[in-house]
Amino acid sequence: MNENLLKPEIQEFILKNIDAEVVPFLLKKPFFEGVSNKELVQQIISKKKSKTKLPTWYNTPNIYFPDKLHIEQASSEITAQYKATVVSGKSLVDVTGGFGIDTNFFALKMEVIHHCETNQDLSEIATNNFKVLGRKNIKIVSGDGLKFLRESKSRFNWVYLDPSRRNDQNGKVFFLKDCFPDVTEHLDLLFQKSNNVLIKTSPILDISVGIRELRFVKEIHIVALKNEVKELLWVLQANFNGEIAVKTVNIDRQKKDTFNFTFQEEKRAVPNFAAPQKFLYEPNSAILKSGAFSLLTTRYSIGKLHEHSHLYTSKELKDFPGRKFKIEKVEPFSKKVLKNINLKKANITIRNFPDSVDSLRKRFKILDGGEEYLFFTTDLHGAKIIICCKKLS
C-alpha cells in the first residue's frame with residue numbers, strides 16, 4: 001500500500017480522471033513523485049468499478065482501492081447489507097475478510113468484528129478504509145483467519161466465511177472442495193468457536209450438493225440482484241436437525257421480492273396446471289434457483305403451464321414475485337404462425353422448449369428488443385406453443 005496515493009492532490013487527480021482513457025498514462029512520465037503511473041491507473045480503474053457496486057466507497061474521500069480483481073470478487077454493497085440482517089449478537093469473525101465490504105456492514109450490526117486477511121497489502125488497505133469510514137469496532141487480524149480461530153480462547157456469536165473461488169491459475173471454481181479454504185474440512189473447528197456459521201458460496205453451486213457436504217444447515221438464502229442470482233448464503237447452527245428454511249430475495253431498485261419456504265412444503269405441494277389464461281408469470285431467478293415450482297401454484301392460486309415449463313398463469317392479476325405479462329394471444333408453434341405474427345423485433349424467452357433463443361432469432365429473423373414478448377414453451381398437453389405478451393410494470 002502506497003500512502004502517497006492518499007495525498008489531496010493525487011486524490012483530486014484520480015477523481016478528475018475517473019472517466020478518462022487511462023492506458024496512455026502508462027506511457028507518460030510520472031505525474032507525481034513517489035507514485036508510479038501504474039499505481040495511479042490502478043486506483044482510477046478500481047474506483048470507477050466501484051461506482052455502482054460500492055457507492056459508499058466510491059463517494060467517500062481518501063478510500064484506497066485494491067487491484068480491480070479484488071473489487072470484482074467483493075460483495076456488492078446491497079448484498080453485504082442483506083448479509084448483515086442474517087446475523088445478530090455481539091461478536092463475529094470474518095475469516096476471509098478481503099477488501100472488507102461484508103465486514104463493514106457486520107460492524108454496523110454487532111459490537112466487535114474481527115477482520116482476518118492473509119494478503120498483507122489487502123489487510124492494510126482494509127485497515128485504512130475502516131478508519132476513513134469510522135468503523136472503530138473492527139479488530140484487524142493480518143493473517144490466516146482459521147489460525148486465528150484455532151489460537152483464540154474465545155467463542156464468538158458468529159463465524160463468517162467467503163471462500164475464494166479462484167484456483168492457482170486464477171480461473172473460477174465453484175465446488176466447495178475447490179475453494180480456499182475448503183470449509184468442509186474445517187467444520188469441526190468452526191463449531192468449536194461458534195454455534196452459528198454463515199458461509200457464502202458460488203451462486204451456481206447445486207443446492208443439494210451444499211446440503212450434503214455441509215452440516216447442520218438451518219437456512220439457505222438465495223440472493224438475486226435485478227433478477228440475477230449473486231450469492232448463496234448458508235446458515236449453519238450447531239446440532240440443528242429441523243426443517244431447512246429456504247429464503248429467496250430479488251432486489252431491484254427500491255423493490256424487494258421475497259419468497260420463503262421449506263423443502264418439505266415444496267415436496268408436499270400438489271401443483272395446479274392450466275392452459276394459458278389472461279396473465280402470464282415468470283418467477284424471478286432466486287425462486288427458479290430454489291426449485292419451489294409446485295408451491296408457487298398453491299401460494300398464489302395460479303396454474304402451471306407444464307411440469308417442466310416453470311411458467312404460470314391466472315385469470316386475475318396476482319402480486320407475483322417475478323415478471324408479469326398480459327397475454328395477447330397463444331398460437332401453436334410453426335413457421336407459418338411466426339410468419340403471420342410478422343414481428344421484426346421482440347424479446348424472446350424459452351422455457352421447456354427444444355430450440356435456443358439464438359436459433360429462433362436467426363431462423364425467423366427477429367431482432368432483440370421492443371415492447372413485444374414471445375414465450376416459446378410447452379403446454380400441459382405437451383404441445384409446443386408461442387405466447388405473445390406485453391410486459392406489465
# chains A, B, ... in the order shown; residues from 1 in each chain; ligands from 1
>>> select_by_dssp(residues="range 46-274 of chain A", states="strand (DSSP E or B)", output="JSON, numbers by chain")
{"A": [91, 92, 93, 94, 112, 113, 114, 115, 116, 117, 138, 139, 140, 141, 142, 158, 159, 160, 161, 164, 166, 172, 180, 196, 197, 198, 199, 200, 201, 217, 218, 219, 220, 221, 222, 223, 224, 225, 228, 229, 230, 231, 232, 233, 234, 235, 236, 237, 245, 246, 247, 248, 249, 250, 251, 252, 255, 256, 257, 258, 259, 260, 261, 262, 273]}
>>> residues_around(residues="range 246-255 of chain A", least_positions_apart="6", cutoff="10 Å", atoms="only C-alpha atoms", output="VMD selection string")
chain A and resid 78 to 79 82 218 to 230 232 to 234 261 to 263 284 to 290 292 321 to 322
>>> residues_around(residues="Pro8 in chain A", least_positions_apart="6", cutoff="12 Å", atoms="only C-alpha atoms", output="list in words")
Ile14, Leu15, Phe32, Pro61, Asn62 and Ile63 of chain A
>>> write_last_selection(atoms="N, CA and C atoms", output="PDB file, in the first residue's frame")
ATOM      1  N   ILE A  14      -7.099  11.616  -9.365  1.00  0.00           N
ATOM      2  CA  ILE A  14      -7.835  10.364  -9.593  1.00  0.00           C
ATOM      3  C   ILE A  14      -9.295  10.656  -9.914  1.00  0.00           C
ATOM      4  N   LEU A  15      -9.916  11.516  -9.127  1.00  0.00           N
ATOM      5  CA  LEU A  15     -11.325  11.846  -9.342  1.00  0.00           C
ATOM      6  C   LEU A  15     -11.535  12.592 -10.653  1.00  0.00           C
ATOM      7  N   PHE A  32       3.433  12.283 -10.508  1.00  0.00           N
ATOM      8  CA  PHE A  32       3.709  12.679  -9.131  1.00  0.00           C
ATOM      9  C   PHE A  32       4.934  11.926  -8.603  1.00  0.00           C
ATOM     10  N   PRO A  61     -14.179  10.301   0.421  1.00  0.00           N
ATOM     11  CA  PRO A  61     -12.790  10.722   0.160  1.00  0.00           C
ATOM     12  C   PRO A  61     -11.783   9.850   0.906  1.00  0.00           C
ATOM     13  N   ASN A  62     -10.594   9.721   0.312  1.00  0.00           N
ATOM     14  CA  ASN A  62      -9.453   9.019   0.917  1.00  0.00           C
ATOM     15  C   ASN A  62      -9.642   7.512   1.077  1.00  0.00           C
ATOM     16  N   ILE A  63     -10.548   6.946   0.303  1.00  0.00           N
ATOM     17  CA  ILE A  63     -10.634   5.485   0.239  1.00  0.00           C
ATOM     18  C   ILE A  63      -9.518   4.984  -0.676  1.00  0.00           C
TER      19      ILE A  63
END
>>> residues_around(residues="Thr298 in chain A", least_positions_apart="4", cutoff="9 Å", atoms="only C-alpha atoms", output="PyMOL selection string")
chain A and resi 269-272+294+302-303
>>> select_by_dssp(residues="range 17-93 of chain A", states="alpha helix (DSSP H)", output="count of residues only")
38
>>> atom_distance(atom1="CA of Leu380 in chain A", atom2="CA of Thr297 in chain A")
14.3 Å
>>> residues_around(residues="range 123-125 of chain A", least_positions_apart="3", cutoff="9 Å", atoms="only C-alpha atoms", output="number ranges by chain")
A: 1, 63-66, 97-100, 115-120, 128-130, 140-143
>>> atom_distance(atom1="CA of Ala74 in chain A", atom2="CA of His114 in chain A")
17.3 Å
>>> atom_distance(atom1="CA of Ser334 in chain A", atom2="CA of Cys389 in chain A")
17.6 Å
